[in-house]
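A short worksheet on the structure shown next.
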Amino acid sequence: MRKKIVAGNWKMNKTLQEGIDLAIEINKLAVEKADNDVDIIIAPPFIHLTEVGKVIDREHVSLSSQNCASEQQGAFTGEVSAEMLWSAGVDYVIIGHSERRAYYQEDNDILNKKIKLALDNNLKIIFCCGENLEQREANKHFEVIKKQLTETVFTLIKEDFDSIILAYEPIWAIGTGKTATPEQAQEIHKFIRSLISEKFGNDIAQETTILYGGSCKPANAKQLFVNPDVDGGLIGGAALKAEDFIDIVNSFK
Ligand code: 13P
């Protein structure tokens with residue numbers, strides 16, 4: 001059985017103290033009332049990771065970064081390496097988020113370097129894909145997603161694909177309040193699973209967790225998560241409130 005996961009991407013929000021307080025609150029609710037069948041991951045900003053790591057119980061909450069450097073080490077001012085993240089106790093890294101692709105010009109070459117370094121340093125990866133509005137309206141979304149995956153995570157060997165969680169995040173749904181309909185999400189998740197099956201076989205396809213991201217909140221999480229190929233969510237805005245985030249975690253039942 002593949003894992004159900006709800007991950008919170010805090011993006012560039014919260015001061016250090018606010019971040020610690022949020023993590024404490026999420027951890028408390030996770031221990032007290034979260035569905036034990038769901039893995040919870042939080043992805044605070046880099047500078048919060050060490051302190052947040054100290055206040056969460058790893059039996060209940062795992063730690064992710066939102067990015068890592070595309071180089072191993074050295075003269076790369078301002079960057080944070082995969083090895084540093086591992087040494088700080090980080091479990092996961094988000095790679096390929098559309099905001100990184102769009103605002104920081106991260107192309108597939110850069111993403112592939114990051115993927116390799118993350119795996120070399122024992123980090124699991126939440127890898128994002130998704131089309132923009134223009135591509136969806138031109139009915140190119142299947143093609144776009146296939147290309148995004150084929151040129152990145154599908155270049156891995158089967159054994160390494162074990163460390164990959166995929167997240168389908170339609171760009172038109174991120175931060176817009178416009179969620180994909182449950183039918184749209186299921187359609188793409190099923191398509192992604194069929195691509196994994198073609199590439200790595202049905203066993204791996206059935207084991208791979210595929211998250212939905214884009215204006216997912218307590219009010220719509222249930223309708224999304226009830227779909228057979230939607231294994232959880234990658235949550236932005238609603239992950240910044242502990243109650244909302246844990247309500248989303250509890251939306252499988
Ligand atoms: P929102 O939930 O704020 O739309 O963000 C989704 C997202 O980008 C998560 O990575």
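Following the order of the structure tokens, first chain is A, next is B, and so on, with residues numbered from 1 inside each chain and ligands from 1 in the order they appear.
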Closest contacts (segment 95-131 of chain A/segment 2-26 of chain A, max 12 Å, only C-alpha atoms) as JSON lines:
{"residue": "A:Ile95", "atom": "CA", "partner": "A:Asn9", "partner_atom": "CA", "distance": 11.7}
{"residue": "A:His97", "atom": "CA", "partner": "A:Asn9", "partner_atom": "CA", "distance": 10.2}
{"residue": "A:Ser98", "atom": "CA", "partner": "A:Lys11", "partner_atom": "CA", "distance": 12.0}
{"residue": "A:Glu99", "atom": "CA", "partner": "A:Lys11", "partner_atom": "CA", "distance": 9.6}
{"residue": "A:Arg100", "atom": "CA", "partner": "A:Lys11", "partner_atom": "CA", "distance": 10.7}
{"residue": "A:Ile125", "atom": "CA", "partner": "A:Ala7", "partner_atom": "CA", "distance": 11.9}
{"residue": "A:Ile126", "atom": "CA", "partner": "A:Ala7", "partner_atom": "CA", "distance": 9.2}
{"residue": "A:Cys128", "atom": "CA", "partner": "A:Asn9", "partner_atom": "CA", "distance": 11.9}
Those selected residues, please, written with C-alpha atoms and delivered as a compact mmCIF listing (two decimals), in the first residue's frame.
# COMPACT_ATOMS: atom_id res chain seq x y z
CA ILE A 95 12.36 20.07 -6.24
CA HIS A 97 8.21 23.73 -7.81
CA SER A 98 6.70 25.98 -10.50
CA GLU A 99 7.74 29.08 -8.53
CA ARG A 100 11.39 27.95 -8.73
CA ILE A 125 12.29 14.18 -3.00
CA ILE A 126 8.89 15.78 -3.51
CA CYS A 128 6.50 18.91 -8.69
Query - strand (DSSP E) call set, DSSP backbone run, segment 10-213 of chain A, as a ChimeraX atom specification - result: /A:38-43,61-65,92-95,124-129,164-168,210-212
Query raised in the report: Of the candidates A:Leu123, A:Gln135, A:Ala43, A:Lys190, which shows the shortest atom-to-atom distance to ligand 1, using only C-alpha atoms and all ligand atoms?
Result: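 Among the listed residues, A:Ala43 lies closest to ligand 1.
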Requested in this report: May I have the residues within 9 Å of Lys113 of chain A as an NGL selection string, using only C-alpha atoms and disregarding those fewer than 5 positions away in the same chain?
Outcome: :A and (69-71 or 108 or 118)
Residues of chain A at most 9 Å from ligand 1: nearest atom pair and distance in Å, only C-alpha atoms and all ligand atoms, as a Markdown table:
| residue | atom | partner | partner_atom_place_in_ligand_line | distance |
| --- | --- | --- | --- | --- |
| A:Ala7 | CA | ligand 1 | 9 (C) | 8.4 |
| A:Gly8 | CA | ligand 1 | 9 (C) | 7.1 |
| A:Asn9 | CA | ligand 1 | 10 (O) | 5.2 |
| A:Trp10 | CA | ligand 1 | 9 (C) | 8.0 |
| A:Lys11 | CA | ligand 1 | 10 (O) | 7.6 |
| A:Gln66 | CA | ligand 1 | 10 (O) | 8.8 |
| A:Ile94 | CA | ligand 1 | 10 (O) | 8.4 |
| A:His97 | CA | ligand 1 | 10 (O) | 6.6 |
| A:Ser98 | CA | ligand 1 | 8 (O) | 7.6 |
| A:Glu99 | CA | ligand 1 | 8 (O) | 7.7 |
| A:Cys128 | CA | ligand 1 | 10 (O) | 8.0 |
| A:Ala167 | CA | ligand 1 | 10 (O) | 8.3 |
| A:Glu169 | CA | ligand 1 | 8 (O) | 6.7 |
| A:Pro170 | CA | ligand 1 | 8 (O) | 8.8 |
| A:Ile171 | CA | ligand 1 | 8 (O) | 7.9 |
| A:Trp172 | CA | ligand 1 | 4 (O) | 9.0 |
| A:Ala173 | CA | ligand 1 | 4 (O) | 6.0 |
| A:Ile174 | CA | ligand 1 | 4 (O) | 3.5 |
| A:Gly175 | CA | ligand 1 | 4 (O) | 3.5 |
| A:Thr176 | CA | ligand 1 | 4 (O) | 6.2 |
| A:Gly177 | CA | ligand 1 | 4 (O) | 6.7 |
| A:Lys178 | CA | ligand 1 | 4 (O) | 8.2 |
| A:Thr179 | CA | ligand 1 | 4 (O) | 7.9 |
| A:Tyr212 | CA | ligand 1 | 9 (C) | 8.6 |
| A:Gly213 | CA | ligand 1 | 6 (C) | 4.8 |
| A:Gly214 | CA | ligand 1 | 4 (O) | 3.8 |
| A:Ser215 | CA | ligand 1 | 4 (O) | 3.5 |
| A:Cys216 | CA | ligand 1 | 2 (O) | 5.2 |
| A:Lys217 | CA | ligand 1 | 2 (O) | 7.2 |
| A:Gly233 | CA | ligand 1 | 9 (C) | 8.3 |
| A:Leu234 | CA | ligand 1 | 9 (C) | 4.9 |
| A:Ile235 | CA | ligand 1 | 2 (O) | 4.3 |
| A:Gly236 | CA | ligand 1 | 2 (O) | 3.4 |
| A:Gly237 | CA | ligand 1 | 3 (O) | 3.8 |
| A:Ala238 | CA | ligand 1 | 2 (O) | 6.0 |
| A:Ala239 | CA | ligand 1 | 2 (O) | 7.5 |
Requested in this report: Might you pull out every residue within 12 Å of Glu32 of chain A, with only C-alpha atoms counted and same-chain residues fewer than 3 positions away left off, and present them as a PyMOL selection string?
Outcome: chain A and resi 25-29+35-36+57+60+243+246+250
Requested in this report: Apply DSSP to the backbone of this structure and, from segment 21-135 of chain A, keep only the residues in alpha helix (DSSP H); write these as number ranges by chain.
Outcome: A: 21-33, 49-55, 82-87, 98-103, 108-120, 133-135
Query raised in the report: Which neighbours of Leu63 of chain A fall inside 6 Å, counting only C-alpha atoms, when residues of the same chain fewer than 2 positions from it are skipped, and could you give them as a PyMOL selection string?
Result: chain A and resi 41-42+90-91
Hey, can you spit out that residue selection with C-alpha atoms as a PDB file, in the first residue's frame?
ATOM      1  CA  ILE A  41       5.615  16.702   6.306  1.00  0.00           C
ATOM      2  CA  ILE A  42       6.339  20.383   6.858  1.00  0.00           C
ATOM      3  CA  VAL A  90      16.116  17.225   6.982  1.00  0.00           C
ATOM      4  CA  ASP A  91      14.231  14.247   5.513  1.00  0.00           C
TER       5      ASP A  91
END
Query raised in the report: Pick from A:Glu183, A:Ile40, A:Phe46, A:Phe154: nearest to Glu198 of chain A, with only C-alpha atoms counted?
Result: A:Phe154
